[in-house]
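Colleague: First, the structure itself, so that you have it in front of you.
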Amino acid sequence: MSAQPSRLPIDAPPAAVPDETAPERCTMRLSVNGQARTINADPDTPLLRVLRQDLGLTGAGFACTNGRCSACTVHVDDRPTRACRVPVHVVQGAQIVTIEGLAAREGLPPGQLHAVQRAWAECGVPPCPCQAGMIMAATALLMDNPDPGTAEIEAALFLDCGCGARPHVLRAVRSLAERLRSW
């Protein structure tokens with residue numbers, strides 16, 4: 001009698017074999033988009049994975065996995081942060097804002113867009129996997145510097161993103177910066 005091949009998925013863990021090297025999971029409390037959240041994870045898990053898989057916040061993109069594309073940018077205590085590069089234990093006690101909570105942070109009602117999101121729409125920025133992260137990076141940039149130059153915008157937003165949206169994004173940030181200066 002021949003043995004039947006296993007029908008388990010390739011990545012299925014072996015049955016009843018304890019993994020001595022498995023990382024310890026622990027309970028952590030995070031503040032995400034103004035809400036207290038409790039998670040149970042390995043402290044070294046990237047914040048991006050926790051946001052997307054544990055909390056269901058998929059606006060922060062998963063693109064390059066090395067922090068060079070800006071797709072995963074979120075705000076941690078109002079600073080732009082590449083969520084794929086930050087272990088979740090580092091952000092305990094910090095205020096984390098994702099693209100899903102950006103407008104609400106400004107006190108806008110549900111369904112309203114943040115000013116940067118509106119500028120993106122008005123300037124017809126074409127879709128790109130990095131857009132949510134670029135919006136978050138642009139928001140942080142404009143909070144720090146309401147009149148950034150092209151080099152500052154490029155350094156803050158693009159990194160390794162080589163999509164065709166670049167001229168539209170530059171126009172959107174410059175347009176919003178002009179409006180901010182006139183307020």
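Convention: chains lettered A, B, ... in structure tokens order; per-chain residue numbering from 1; ligands numbered from 1 as shown.
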Report the closest atom pair, with its distance in Å rounded to one decimal, for each residue of stretch 103-125 of chain A that has an atom no farther than 9 Å from stretch 174-178 of chain A; count only C-alpha atoms, sort by chain and then rising residue number, and write it as CSV.
Modeller:
```
residue,atom,partner,partner_atom,distance
A:Ala115,CA,A:Leu176,CA,7.7
A:Val116,CA,A:Leu176,CA,7.1
A:Ala119,CA,A:Leu176,CA,6.3
A:Cys123,CA,A:Ser175,CA,8.5
```
Colleague: Got a sec to tell me which of chain A DSSP assigns to strand (DSSP E), as a ChimeraX atom specification?
Modeller: /A:26-32,35-41,73-76,79-82,95-97
Colleague: Produce a file of the selected residues containing N, CA and C atoms, as a PDB file, in the first residue's frame.
Modeller:
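Here's the written file again_7.pdb:
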```pdb
ATOM      1  N   CYS A  26       2.445  38.876  23.503  1.00  0.00           N
ATOM      2  CA  CYS A  26       2.009  39.558  24.709  1.00  0.00           C
ATOM      3  C   CYS A  26       0.895  40.533  24.358  1.00  0.00           C
ATOM      4  N   THR A  27       0.181  40.952  25.367  1.00  0.00           N
ATOM      5  CA  THR A  27      -0.905  41.895  25.180  1.00  0.00           C
ATOM      6  C   THR A  27      -0.335  43.311  25.230  1.00  0.00           C
ATOM      7  N   MET A  28      -0.703  44.107  24.237  1.00  0.00           N
ATOM      8  CA  MET A  28      -0.243  45.505  24.163  1.00  0.00           C
ATOM      9  C   MET A  28      -1.439  46.399  23.890  1.00  0.00           C
ATOM     10  N   ARG A  29      -1.349  47.605  24.361  1.00  0.00           N
ATOM     11  CA  ARG A  29      -2.394  48.591  24.132  1.00  0.00           C
ATOM     12  C   ARG A  29      -1.857  49.681  23.205  1.00  0.00           C
ATOM     13  N   LEU A  30      -2.646  49.980  22.203  1.00  0.00           N
ATOM     14  CA  LEU A  30      -2.286  51.002  21.230  1.00  0.00           C
ATOM     15  C   LEU A  30      -3.407  52.024  21.131  1.00  0.00           C
ATOM     16  N   SER A  31      -3.059  53.231  20.752  1.00  0.00           N
ATOM     17  CA  SER A  31      -4.057  54.241  20.432  1.00  0.00           C
ATOM     18  C   SER A  31      -4.003  54.452  18.927  1.00  0.00           C
ATOM     19  N   VAL A  32      -5.048  54.013  18.240  1.00  0.00           N
ATOM     20  CA  VAL A  32      -5.078  54.086  16.778  1.00  0.00           C
ATOM     21  C   VAL A  32      -6.317  54.860  16.357  1.00  0.00           C
ATOM     22  N   GLN A  35      -8.747  55.742  19.088  1.00  0.00           N
ATOM     23  CA  GLN A  35      -9.392  54.662  19.843  1.00  0.00           C
ATOM     24  C   GLN A  35      -8.342  53.802  20.525  1.00  0.00           C
ATOM     25  N   ALA A  36      -8.627  53.420  21.770  1.00  0.00           N
ATOM     26  CA  ALA A  36      -7.752  52.483  22.471  1.00  0.00           C
ATOM     27  C   ALA A  36      -7.991  51.095  21.894  1.00  0.00           C
ATOM     28  N   ARG A  37      -6.933  50.432  21.525  1.00  0.00           N
ATOM     29  CA  ARG A  37      -7.020  49.096  20.943  1.00  0.00           C
ATOM     30  C   ARG A  37      -6.089  48.170  21.715  1.00  0.00           C
ATOM     31  N   THR A  38      -6.533  46.952  21.929  1.00  0.00           N
ATOM     32  CA  THR A  38      -5.717  45.937  22.591  1.00  0.00           C
ATOM     33  C   THR A  38      -5.415  44.847  21.588  1.00  0.00           C
ATOM     34  N   ILE A  39      -4.136  44.486  21.508  1.00  0.00           N
ATOM     35  CA  ILE A  39      -3.717  43.421  20.588  1.00  0.00           C
ATOM     36  C   ILE A  39      -2.899  42.392  21.354  1.00  0.00           C
ATOM     37  N   ASN A  40      -2.791  41.218  20.790  1.00  0.00           N
ATOM     38  CA  ASN A  40      -1.945  40.172  21.327  1.00  0.00           C
ATOM     39  C   ASN A  40      -1.007  39.773  20.199  1.00  0.00           C
ATOM     40  N   ALA A  41       0.267  40.158  20.325  1.00  0.00           N
ATOM     41  CA  ALA A  41       1.211  39.921  19.238  1.00  0.00           C
ATOM     42  C   ALA A  41       2.622  39.816  19.772  1.00  0.00           C
ATOM     43  N   THR A  73       3.117  54.577   5.117  1.00  0.00           N
ATOM     44  CA  THR A  73       3.291  55.711   6.030  1.00  0.00           C
ATOM     45  C   THR A  73       2.037  55.960   6.854  1.00  0.00           C
ATOM     46  N   VAL A  74       2.255  56.068   8.148  1.00  0.00           N
ATOM     47  CA  VAL A  74       1.231  56.464   9.115  1.00  0.00           C
ATOM     48  C   VAL A  74       1.847  57.571   9.958  1.00  0.00           C
ATOM     49  N   HIS A  75       1.039  58.208  10.796  1.00  0.00           N
ATOM     50  CA  HIS A  75       1.579  59.196  11.728  1.00  0.00           C
ATOM     51  C   HIS A  75       1.680  58.558  13.097  1.00  0.00           C
ATOM     52  N   VAL A  76       2.829  58.700  13.709  1.00  0.00           N
ATOM     53  CA  VAL A  76       3.036  58.286  15.096  1.00  0.00           C
ATOM     54  C   VAL A  76       3.424  59.556  15.842  1.00  0.00           C
ATOM     55  N   ARG A  79       4.306  62.366  13.543  1.00  0.00           N
ATOM     56  CA  ARG A  79       5.493  62.220  12.707  1.00  0.00           C
ATOM     57  C   ARG A  79       5.244  61.128  11.672  1.00  0.00           C
ATOM     58  N   PRO A  80       5.593  61.371  10.410  1.00  0.00           N
ATOM     59  CA  PRO A  80       5.419  60.318   9.409  1.00  0.00           C
ATOM     60  C   PRO A  80       6.342  59.146   9.728  1.00  0.00           C
ATOM     61  N   THR A  81       5.775  57.962   9.691  1.00  0.00           N
ATOM     62  CA  THR A  81       6.502  56.768  10.090  1.00  0.00           C
ATOM     63  C   THR A  81       6.202  55.646   9.115  1.00  0.00           C
ATOM     64  N   ARG A  82       7.227  54.966   8.647  1.00  0.00           N
ATOM     65  CA  ARG A  82       7.054  53.810   7.772  1.00  0.00           C
ATOM     66  C   ARG A  82       6.674  52.622   8.658  1.00  0.00           C
ATOM     67  N   GLN A  95       0.327  58.082  19.828  1.00  0.00           N
ATOM     68  CA  GLN A  95      -0.908  58.303  19.078  1.00  0.00           C
ATOM     69  C   GLN A  95      -0.631  57.943  17.613  1.00  0.00           C
ATOM     70  N   ILE A  96      -1.286  56.900  17.138  1.00  0.00           N
ATOM     71  CA  ILE A  96      -1.102  56.424  15.765  1.00  0.00           C
ATOM     72  C   ILE A  96      -2.310  56.861  14.943  1.00  0.00           C
ATOM     73  N   VAL A  97      -2.053  57.461  13.794  1.00  0.00           N
ATOM     74  CA  VAL A  97      -3.135  57.857  12.887  1.00  0.00           C
ATOM     75  C   VAL A  97      -2.846  57.239  11.529  1.00  0.00           C
TER      76      VAL A  97
END
```
Colleague: Which residue, A:Arg105, A:His168, A:Arg85, A:Arg25, has the smallest gap to A:Gly67 when you use only C-alpha atoms?
Modeller: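 Once distances to A:Gly67 are computed over only C-alpha atoms, the minimum belongs to A:Arg85.
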Colleague: Under the rule that only C-alpha atoms are counted, which of A:Cys72, A:Leu170, A:Leu57, A:Leu102 is the nearest residue to A:Ala151?
Modeller: A:Leu170
Colleague: Have a look at A:Leu180, A:Leu47, A:Ala103, A:Ala132 and name the one nearest to A:Ala83; count only C-alpha atoms.
Modeller: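 The closest residue to A:Ala83 is A:Leu47.
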Colleague: Write out as an mmCIF file with C-alpha atoms, in the first residue's frame each polymer residue whose atoms come within 9 Å of A:Pro167, counting only C-alpha atoms; drop sequence neighbours fewer than 4 positions from it.
Modeller:
```
data_model
loop_
_atom_site.group_PDB
_atom_site.id
_atom_site.type_symbol
_atom_site.label_atom_id
_atom_site.label_comp_id
_atom_site.auth_asym_id
_atom_site.auth_seq_id
_atom_site.Cartn_x
_atom_site.Cartn_y
_atom_site.Cartn_z
ATOM 1 C CA VAL A 125 -3.749 62.198 -8.958
ATOM 2 C CA ARG A 171 0.869 69.820 -8.250
ATOM 3 C CA ALA A 172 -1.510 68.717 -5.457
#
```
Colleague: Restricting the calculation to only C-alpha atoms: of A:Thr98, A:Gly133, A:Gly111, A:Gln92, which residue gets closest to A:Phe62?
Modeller: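 With only C-alpha atoms as the atom set, the closest residue is A:Gly133.
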Colleague: Please report, as a VMD selection string, each residue of stretch 2-183 of chain A to which DSSP assigns helix (DSSP H, G or I) when run on this structure's backbone.
Modeller: chain A and resid 47 to 54 88 to 91 99 to 105 115 to 122 131 to 144 150 to 157 166 to 182
Colleague: What is the distance, in Å and to one decimal place, between atom CA of A:Phe158 and atom CA of A:Ala137?
Modeller: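 Atom-to-atom, atom CA of A:Phe158 to atom CA of A:Ala137, that is 9.3 Å.
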Colleague: Looking at only C-alpha atoms, which of A:Cys69, A:Val88, A:Ile99, A:Ala60 is the one that sits closest to A:Leu113?
Modeller: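 Under the stated criterion, the closest residue is A:Ile99.
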